[in-house]
$ cat start.cif   # mmCIF, C-alpha atoms
data_my_file
#
loop_
_atom_site.label_atom_id
_atom_site.label_comp_id
_atom_site.auth_asym_id
_atom_site.auth_seq_id
_atom_site.Cartn_x
_atom_site.Cartn_y
_atom_site.Cartn_z
CA MET A 1 3.84 -4.25 11.97
CA PRO A 2 3.52 -1.62 9.25
CA ILE A 3 3.93 -1.45 5.53
CA LYS A 4 6.75 0.90 4.52
CA ILE A 5 6.03 3.34 1.71
CA GLN A 6 7.58 6.42 0.23
CA ASP A 7 6.96 9.72 1.98
CA SER A 8 3.84 11.54 0.66
CA LEU A 9 2.52 8.68 -1.51
CA PRO A 10 -1.20 9.51 -2.09
CA ALA A 11 -2.30 6.13 -0.71
CA GLN A 12 -0.89 7.05 2.71
CA LYS A 13 -3.83 9.24 3.77
CA THR A 14 -6.39 6.72 2.57
CA LEU A 15 -4.74 3.84 4.40
CA GLU A 16 -4.28 5.81 7.61
CA SER A 17 -7.95 6.85 7.54
CA GLU A 18 -8.80 3.12 7.49
CA ASN A 19 -6.66 2.57 10.60
CA ILE A 20 -3.99 0.73 8.62
CA PHE A 21 -0.49 1.05 10.05
CA VAL A 22 1.87 2.55 7.48
CA MET A 23 5.43 3.71 8.01
CA THR A 24 7.23 6.40 6.05
CA GLU A 25 10.80 5.99 4.88
CA TYR A 26 12.02 8.47 7.51
CA ARG A 27 10.59 6.51 10.41
CA ALA A 28 11.68 3.14 9.06
CA MET A 29 15.30 4.29 8.82
CA HIS A 30 15.46 4.26 12.61
CA GLN A 31 14.45 0.61 12.98
CA ASP A 32 17.05 -2.16 13.05
CA ILE A 33 14.89 -4.65 11.12
CA ARG A 34 15.42 -5.98 7.64
CA PRO A 35 12.19 -5.28 5.74
CA LEU A 36 10.93 -7.40 2.90
CA HIS A 37 11.62 -5.73 -0.43
CA VAL A 38 8.60 -6.04 -2.73
CA LEU A 39 8.53 -4.61 -6.24
CA ILE A 40 5.16 -3.90 -7.88
CA LEU A 41 5.05 -3.57 -11.66
CA ASN A 42 1.83 -1.60 -12.01
CA LEU A 43 0.39 -2.00 -15.52
CA MET A 44 -3.05 -0.63 -14.65
CA PRO A 45 -4.07 2.78 -16.05
CA SER A 46 -5.66 3.66 -12.69
CA LYS A 47 -2.30 3.75 -10.94
CA ILE A 48 -3.28 5.36 -7.62
CA GLU A 49 -6.34 3.16 -7.15
CA THR A 50 -4.31 0.00 -7.75
CA GLU A 51 -1.53 1.23 -5.47
CA THR A 52 -4.01 1.72 -2.64
CA GLN A 53 -5.72 -1.64 -3.14
CA LEU A 54 -2.45 -3.58 -3.08
CA LEU A 55 -0.92 -1.66 -0.20
CA ARG A 56 -4.06 -2.30 1.83
CA LYS A 57 -3.65 -6.05 1.36
CA LEU A 58 0.10 -6.11 2.00
CA SER A 59 -0.16 -4.08 5.17
CA ASN A 60 -1.99 -6.40 7.57
CA THR A 61 0.90 -8.68 8.55
CA PRO A 62 3.46 -8.73 11.39
CA LEU A 63 6.15 -7.90 8.82
CA GLN A 64 7.75 -4.70 7.68
CA VAL A 65 7.37 -4.50 3.91
CA GLU A 66 9.24 -2.02 1.77
CA VAL A 67 7.29 -1.48 -1.44
CA GLU A 68 8.59 0.05 -4.65
CA PHE A 69 6.54 0.74 -7.76
CA MET A 70 7.75 0.24 -11.30
CA GLN A 71 6.30 1.25 -14.66
CA THR A 72 7.19 0.23 -18.18
CA ALA A 73 9.59 2.48 -20.06
CA SER A 74 8.23 1.51 -23.48
CA TYR A 75 4.71 2.80 -22.75
CA GLN A 76 3.76 6.02 -21.01
CA PRO A 77 0.34 5.87 -19.28
CA ARG A 78 -2.13 8.64 -20.05
CA HIS A 79 -4.37 8.40 -16.98
CA VAL A 80 -1.95 9.62 -14.32
CA GLU A 81 0.00 12.80 -13.80
CA PRO A 82 3.61 12.55 -15.01
CA SER A 83 4.73 14.08 -11.71
CA HIS A 84 3.25 11.09 -9.84
CA LEU A 85 5.26 8.65 -11.95
CA GLU A 86 8.42 10.72 -11.65
CA THR A 87 8.08 10.84 -7.86
CA PHE A 88 6.97 7.32 -6.99
CA TYR A 89 7.91 5.03 -9.89
CA THR A 90 11.08 3.52 -11.26
CA VAL A 91 11.78 1.71 -14.54
CA PHE A 92 13.41 -1.63 -15.23
CA ASP A 93 16.86 -0.26 -16.10
CA GLU A 94 17.03 1.27 -12.63
CA VAL A 95 16.43 -2.02 -10.78
CA ARG A 96 17.79 -4.72 -13.09
CA GLU A 97 20.96 -5.16 -10.97
CA ARG A 98 19.01 -5.49 -7.73
CA LYS A 99 17.26 -8.44 -6.09
CA PHE A 100 13.86 -8.50 -4.39
CA ASP A 101 12.10 -10.77 -1.92
CA GLY A 102 8.78 -10.51 -3.73
CA MET A 103 7.24 -9.02 -6.83
CA ILE A 104 3.68 -8.38 -7.98
CA ILE A 105 2.84 -7.86 -11.66
CA THR A 106 -0.64 -6.41 -12.05
CA GLY A 107 -3.20 -6.95 -14.73
CA ALA A 108 -3.99 -4.56 -17.57
CA PRO A 109 -7.17 -3.84 -19.59
CA LEU A 110 -5.95 -5.60 -22.73
CA ASP A 111 -8.70 -8.07 -23.55
CA TYR A 112 -8.95 -9.49 -27.09
CA ARG A 113 -5.40 -8.49 -28.02
CA GLU A 114 -2.57 -10.86 -28.77
CA PHE A 115 0.36 -10.51 -26.41
CA GLU A 116 2.81 -9.74 -29.21
CA GLU A 117 0.62 -6.79 -30.24
CA ILE A 118 1.14 -5.05 -26.87
CA ASN A 119 3.63 -2.23 -27.29
CA TYR A 120 5.51 -3.12 -24.11
CA TRP A 121 5.48 -6.90 -24.65
CA GLN A 122 9.22 -7.24 -25.27
CA GLU A 123 9.99 -5.20 -22.17
CA LEU A 124 7.57 -7.30 -20.10
CA CYS A 125 9.25 -10.48 -21.37
CA GLN A 126 12.59 -9.09 -20.21
CA ILE A 127 11.15 -8.35 -16.78
CA MET A 128 9.51 -11.78 -16.46
CA GLU A 129 12.77 -13.49 -17.41
CA TRP A 130 14.71 -11.30 -14.97
CA SER A 131 12.26 -12.18 -12.18
CA ARG A 132 13.33 -15.84 -12.38
CA THR A 133 16.78 -14.99 -11.02
CA HIS A 134 16.28 -11.67 -9.22
CA VAL A 135 13.00 -12.20 -7.33
CA HIS A 136 12.41 -14.88 -4.72
CA CYS A 137 8.65 -15.14 -5.36
CA THR A 138 6.49 -13.43 -7.98
CA LEU A 139 2.71 -13.04 -7.91
CA HIS A 140 1.02 -12.42 -11.27
CA MET A 141 -2.48 -10.94 -11.36
CA CYS A 142 -5.24 -11.32 -13.97
CA TRP A 143 -3.89 -10.28 -17.42
CA ALA A 144 -0.32 -10.71 -16.17
CA THR A 145 -1.20 -14.30 -15.23
CA TYR A 146 -2.13 -15.13 -18.81
CA ALA A 147 0.90 -13.27 -20.14
CA ALA A 148 3.23 -15.15 -17.78
CA LEU A 149 1.68 -18.58 -18.41
CA TYR A 150 2.13 -17.92 -22.12
CA TYR A 151 5.70 -16.67 -21.79
CA HIS A 152 6.99 -19.23 -19.28
CA TYR A 153 4.98 -22.32 -20.25
CA ASN A 154 3.53 -21.63 -23.71
CA ILE A 155 -0.04 -21.92 -22.38
CA HIS A 156 -2.30 -19.98 -24.72
CA LYS A 157 -5.15 -17.85 -23.47
CA VAL A 158 -8.69 -18.43 -24.71
CA ASP A 159 -10.79 -15.36 -25.46
CA LEU A 160 -14.31 -15.40 -23.98
CA LYS A 161 -17.30 -14.34 -26.04
CA LYS A 162 -18.50 -12.17 -23.16
CA LYS A 163 -16.63 -10.49 -20.36
CA LEU A 164 -16.61 -12.43 -17.10
CA SER A 165 -17.62 -9.94 -14.43
CA GLY A 166 -18.93 -10.61 -10.96
CA VAL A 167 -18.26 -12.31 -7.64
CA TYR A 168 -17.89 -16.07 -7.98
CA GLU A 169 -17.50 -19.12 -5.77
CA HIS A 170 -14.03 -20.65 -5.90
CA TYR A 171 -12.97 -24.04 -4.58
CA VAL A 172 -9.74 -24.82 -2.77
CA LEU A 173 -8.21 -27.86 -4.46
CA LYS A 174 -5.13 -28.23 -2.26
CA LYS A 175 -6.31 -27.67 1.29
CA SER A 176 -2.87 -28.41 2.72
CA SER A 177 -1.31 -25.47 0.89
CA PRO A 178 0.01 -22.73 3.21
CA LEU A 179 -1.60 -20.24 0.83
CA PHE A 180 -5.02 -21.37 2.13
CA ARG A 181 -4.33 -21.52 5.85
CA GLY A 182 -7.44 -20.14 7.54
CA PHE A 183 -9.54 -20.42 4.36
CA ASP A 184 -12.95 -21.98 4.05
CA ASP A 185 -13.29 -24.75 1.45
CA VAL A 186 -15.22 -22.29 -0.72
CA PHE A 187 -14.28 -18.63 -0.99
CA TYR A 188 -15.63 -15.69 -2.96
CA ALA A 189 -13.59 -13.38 -5.17
CA PRO A 190 -14.31 -10.86 -7.94
CA GLN A 191 -13.46 -11.65 -11.54
CA SER A 192 -13.19 -9.10 -14.34
CA ARG A 193 -11.76 -10.38 -17.61
CA ALA A 194 -12.53 -11.63 -21.09
CA MET A 195 -9.98 -14.43 -21.29
CA THR A 196 -9.21 -17.73 -19.61
CA VAL A 197 -6.98 -20.78 -19.88
CA ARG A 198 -8.08 -24.39 -20.14
CA ARG A 199 -7.66 -26.41 -16.98
CA GLU A 200 -6.27 -29.34 -18.95
CA ASP A 201 -3.59 -27.10 -20.47
CA VAL A 202 -2.40 -26.14 -17.00
CA GLU A 203 -2.57 -29.69 -15.61
CA ARG A 204 -0.47 -31.14 -18.41
CA VAL A 205 2.50 -28.96 -17.43
CA PRO A 206 4.41 -30.92 -14.76
CA GLU A 207 6.06 -27.77 -13.36
CA LEU A 208 2.68 -26.27 -12.45
CA GLU A 209 0.22 -27.02 -9.66
CA LEU A 210 -3.47 -26.03 -9.78
CA LEU A 211 -4.53 -24.69 -6.37
CA ALA A 212 -8.08 -23.32 -6.83
CA CYS A 213 -10.77 -23.13 -9.47
CA SER A 214 -14.39 -22.15 -10.05
CA ASP A 215 -17.20 -24.00 -11.79
CA VAL A 216 -18.00 -20.80 -13.69
CA ALA A 217 -14.81 -18.75 -13.69
CA GLY A 218 -12.47 -21.69 -14.32
CA VAL A 219 -8.80 -21.72 -13.35
CA THR A 220 -8.25 -19.33 -10.44
CA LEU A 221 -4.92 -19.95 -8.70
CA VAL A 222 -1.85 -21.76 -9.99
CA LYS A 223 1.72 -21.92 -8.72
CA SER A 224 5.00 -23.35 -9.90
CA ARG A 225 5.97 -26.47 -7.97
CA ASP A 226 9.06 -24.71 -6.63
CA SER A 227 6.71 -22.01 -5.21
CA ARG A 228 8.66 -19.23 -6.91
CA GLN A 229 5.79 -18.09 -9.13
CA PHE A 230 2.07 -17.67 -8.47
CA PHE A 231 -0.64 -17.00 -11.04
CA MET A 232 -4.00 -15.55 -9.96
CA THR A 233 -6.95 -14.80 -12.26
CA CYS A 234 -9.26 -13.24 -9.64
CA HIS A 235 -9.16 -9.84 -7.91
CA PRO A 236 -9.32 -10.34 -4.13
CA GLU A 237 -7.87 -6.84 -3.72
CA TYR A 238 -10.86 -5.10 -5.34
CA ASP A 239 -12.73 -2.40 -3.44
CA ALA A 240 -16.46 -2.77 -2.80
CA ASP A 241 -17.34 -0.49 -5.73
CA THR A 242 -14.68 -1.50 -8.29
CA LEU A 243 -16.95 -3.77 -10.34
CA ALA A 244 -19.72 -1.14 -10.14
CA ARG A 245 -17.45 1.57 -11.49
CA GLU A 246 -16.35 -0.73 -14.32
CA TYR A 247 -19.97 -1.56 -15.13
CA PHE A 248 -21.15 2.08 -15.22
CA ARG A 249 -18.05 3.10 -17.18
CA ASP A 250 -18.82 0.53 -19.88
CA LEU A 251 -22.50 1.48 -19.78
CA ASP A 252 -21.61 5.13 -20.41
CA LYS A 253 -19.48 4.04 -23.36
CA GLY A 254 -22.51 2.34 -24.93
CA MET A 255 -21.00 -1.13 -24.58
CA ASN A 256 -24.21 -2.64 -23.15
CA PRO A 257 -22.43 -4.67 -20.45
CA ASP A 258 -24.11 -7.43 -18.46
CA LEU A 259 -24.64 -6.81 -14.78
CA PRO A 260 -21.81 -8.22 -12.68
CA VAL A 261 -22.90 -11.64 -11.40
CA ASN A 262 -23.70 -12.10 -7.68
CA TYR A 263 -22.80 -8.50 -6.99
CA PHE A 264 -25.66 -6.01 -6.77
CA PRO A 265 -28.35 -7.08 -4.25
CA GLU A 266 -31.34 -8.43 -6.20
CA ASN A 267 -29.44 -7.43 -9.39
CA ASN A 268 -30.37 -3.83 -8.73
CA PRO A 269 -27.46 -1.56 -9.77
CA GLU A 270 -28.90 1.24 -7.62
CA ARG A 271 -28.16 -0.78 -4.49
CA SER A 272 -24.76 -0.91 -2.83
CA PRO A 273 -22.89 -4.21 -3.26
CA VAL A 274 -22.31 -6.42 -0.24
CA VAL A 275 -18.64 -7.40 0.09
CA ARG A 276 -18.10 -11.16 0.47
CA TRP A 277 -14.43 -11.39 -0.48
CA ARG A 278 -12.56 -8.98 1.81
CA SER A 279 -11.47 -11.45 4.52
CA ALA A 280 -10.39 -14.17 2.06
CA GLY A 281 -8.54 -11.58 0.00
CA GLN A 282 -6.66 -10.26 3.01
CA LEU A 283 -5.78 -13.77 4.11
CA LEU A 284 -4.54 -14.73 0.66
CA TYR A 285 -2.12 -11.82 0.36
CA SER A 286 -0.95 -12.23 3.96
CA ASN A 287 -0.33 -15.96 3.49
CA TRP A 288 1.55 -15.38 0.23
CA LEU A 289 3.73 -12.73 1.83
CA ASN A 290 4.38 -14.76 4.99
CA TYR A 291 4.80 -18.33 3.79
CA TYR A 292 6.21 -17.86 0.30
CA VAL A 293 8.23 -14.70 0.69
CA TYR A 294 9.21 -14.06 4.32
CA GLN A 295 9.57 -17.66 5.50
CA SER A 296 11.76 -18.80 2.61
CA THR A 297 13.65 -15.78 1.29
CA PRO A 298 17.32 -15.57 2.33
CA TYR A 299 18.27 -12.85 4.77
CA ASP A 300 20.96 -11.80 2.32
CA LEU A 301 19.19 -11.15 -0.98
CA ILE A 302 22.44 -11.54 -2.89
CA LYS A 303 22.01 -15.30 -2.28
CA THR A 304 18.69 -15.31 -4.16
CA THR A 305 18.98 -17.23 -7.44
#

$ encode --input "start.cif" --output "structure tokens"
Amino acid sequence: MPIKIQDSLPAQKTLESENIFVMTEYRAMHQDIRPLHVLILNLMPSKIETETQLLRKLSNTPLQVEVEFMQTASYQPRHVEPSHLETFYTVFDEVRERKFDGMIITGAPLDYREFEEINYWQELCQIMEWSRTHVHCTLHMCWATYAALYYHYNIHKVDLKKKLSGVYEHYVLKKSSPLFRGFDDVFYAPQSRAMTVRREDVERVPELELLACSDVAGVTLVKSRDSRQFFMTCHPEYDADTLAREYFRDLDKGMNPDLPVNYFPENNPERSPVVRWRSAGQLLYSNWLNYYVYQSTPYDLIKTT
């Protein structure tokens, strides 16, 4: 089954060229199927790239998924054409009375800054509070994970001395979890961040359950015990060259970054990376969408509380 997107969204051509089944609004109108309604709050400056990465992962399921994108109203991004935002994005005031089956809140490049210093922090807090009653299941990614753990559970982030960048081994701690159906005991995933949380801080919160971790990268996947909120520090949606582009970008800025770990063959940045996380990443998003959104969301979203 396809993923349903707005007509003429730039990601459409890319996804179709990869043989991914997408459906435009016009075609979906003629199907008598209730799609899942998923809202994506995209905080990344590279809007189109992030759109494509997430749509790719949400598309490979037997479900019809209707995706909407949202931006913050209190901060206007500078790395995307205003016309793109006007055409494909909404703001919180336009959706606050609606309910959604699922929601994804992306990360943002905001390392080494306190949450209260972020100019859209108050708006994000409003959205996170709203998601508790208007979204059946919310998936937080990277920076949004640390923001949400801080907002909902008062778990403070810990700044790292050096940016964590690379592809790391992660261990499944709860093998019976539907999120890991089809997973190996060890899976690879990219990490790209300069913050973390202490495992003991997560484990002392009775409402939270630690699902996966890494010896090097630390806490990786956490969920609330009612399965309404997920917190993910890794980037299983990353393209093959995402870490490379981040590395060369920082190199050009004179930041003297370390090579991403376990990424370039023989640590040679002139060689193309070998992807080791694509299948686990696809499975993770598909399992989240199937078992924690589709299988448990009410048919009538008005009943969602």

$ resolve_selection --input "start.cif" --expression "the PyMOL selection byres ((chain A and resi 155) around 8)" --output "compact mmCIF listing (two decimals) with C-alpha atoms, keeping the file's coordinate frame"
# COMPACT_ATOMS: atom_id res chain seq x y z
CA TYR A 146 -2.13 -15.13 -18.81
CA LEU A 149 1.68 -18.58 -18.41
CA TYR A 150 2.13 -17.92 -22.12
CA TYR A 151 5.70 -16.67 -21.79
CA TYR A 153 4.98 -22.32 -20.25
CA ASN A 154 3.53 -21.63 -23.71
CA HIS A 156 -2.30 -19.98 -24.72
CA LYS A 157 -5.15 -17.85 -23.47
CA VAL A 197 -6.98 -20.78 -19.88
CA ASP A 201 -3.59 -27.10 -20.47
CA VAL A 202 -2.40 -26.14 -17.00

$ resolve_selection --input "start.cif" --expression "the PyMOL selection byres ((chain A and resi 170) around 9)" --output "PDB file with C-alpha atoms, in the frame of the given file"
ATOM      1  CA  TYR A 168     -17.890 -16.070  -7.980  1.00  0.00           C
ATOM      2  CA  GLU A 169     -17.500 -19.120  -5.770  1.00  0.00           C
ATOM      3  CA  TYR A 171     -12.970 -24.040  -4.580  1.00  0.00           C
ATOM      4  CA  VAL A 172      -9.740 -24.820  -2.770  1.00  0.00           C
ATOM      5  CA  ASP A 185     -13.290 -24.750   1.450  1.00  0.00           C
ATOM      6  CA  VAL A 186     -15.220 -22.290  -0.720  1.00  0.00           C
ATOM      7  CA  PHE A 187     -14.280 -18.630  -0.990  1.00  0.00           C
ATOM      8  CA  TYR A 188     -15.630 -15.690  -2.960  1.00  0.00           C
ATOM      9  CA  ALA A 189     -13.590 -13.380  -5.170  1.00  0.00           C
ATOM     10  CA  ALA A 212      -8.080 -23.320  -6.830  1.00  0.00           C
ATOM     11  CA  CYS A 213     -10.770 -23.130  -9.470  1.00  0.00           C
ATOM     12  CA  SER A 214     -14.390 -22.150 -10.050  1.00  0.00           C
ATOM     13  CA  ASP A 215     -17.200 -24.000 -11.790  1.00  0.00           C
ATOM     14  CA  VAL A 216     -18.000 -20.800 -13.690  1.00  0.00           C
ATOM     15  CA  ALA A 217     -14.810 -18.750 -13.690  1.00  0.00           C
ATOM     16  CA  GLY A 218     -12.470 -21.690 -14.320  1.00  0.00           C
ATOM     17  CA  THR A 220      -8.250 -19.330 -10.440  1.00  0.00           C
TER      18      THR A 220
END

$ atom_distance --input "start.cif" --atom1 "atom CA of Ser59 of chain A" --atom2 "atom CA of Leu289 of chain A"
10.1 Å

$ closest_residue --input "start.cif" --among "A:Phe92, A:Trp288, A:Phe100, A:Tyr112" --to "His136 of chain A" --atoms "only C-alpha atoms"
A:Phe100

$ resolve_selection --input "start.cif" --expression "the PyMOL selection byres ((chain A and resi 127-132) around 9)" --output "ChimeraX atom specification"
/A:92,96,99-100,103,122-126,133-138,148,151-152,228-229,305

$ closest_residue --input "start.cif" --among "A:Cys142, A:Leu36, A:Leu259, A:Val91" --to "Thr72 of chain A" --atoms "only C-alpha atoms"
A:Val91

$ atom_distance --input "start.cif" --atom1 "atom CA of Glu68 of chain A" --atom2 "atom CA of Thr196 of chain A"
29.3 Å

$ closest_residue --input "start.cif" --among "A:Ser296, A:Gln71, A:Thr145, A:Gln191" --to "Thr87 of chain A" --atoms "all atoms listed in the file"
A:Gln71

$ atom_distance --input "start.cif" --atom1 "atom CA of Met255 of chain A" --atom2 "atom CA of Met44 of chain A"
20.5 Å
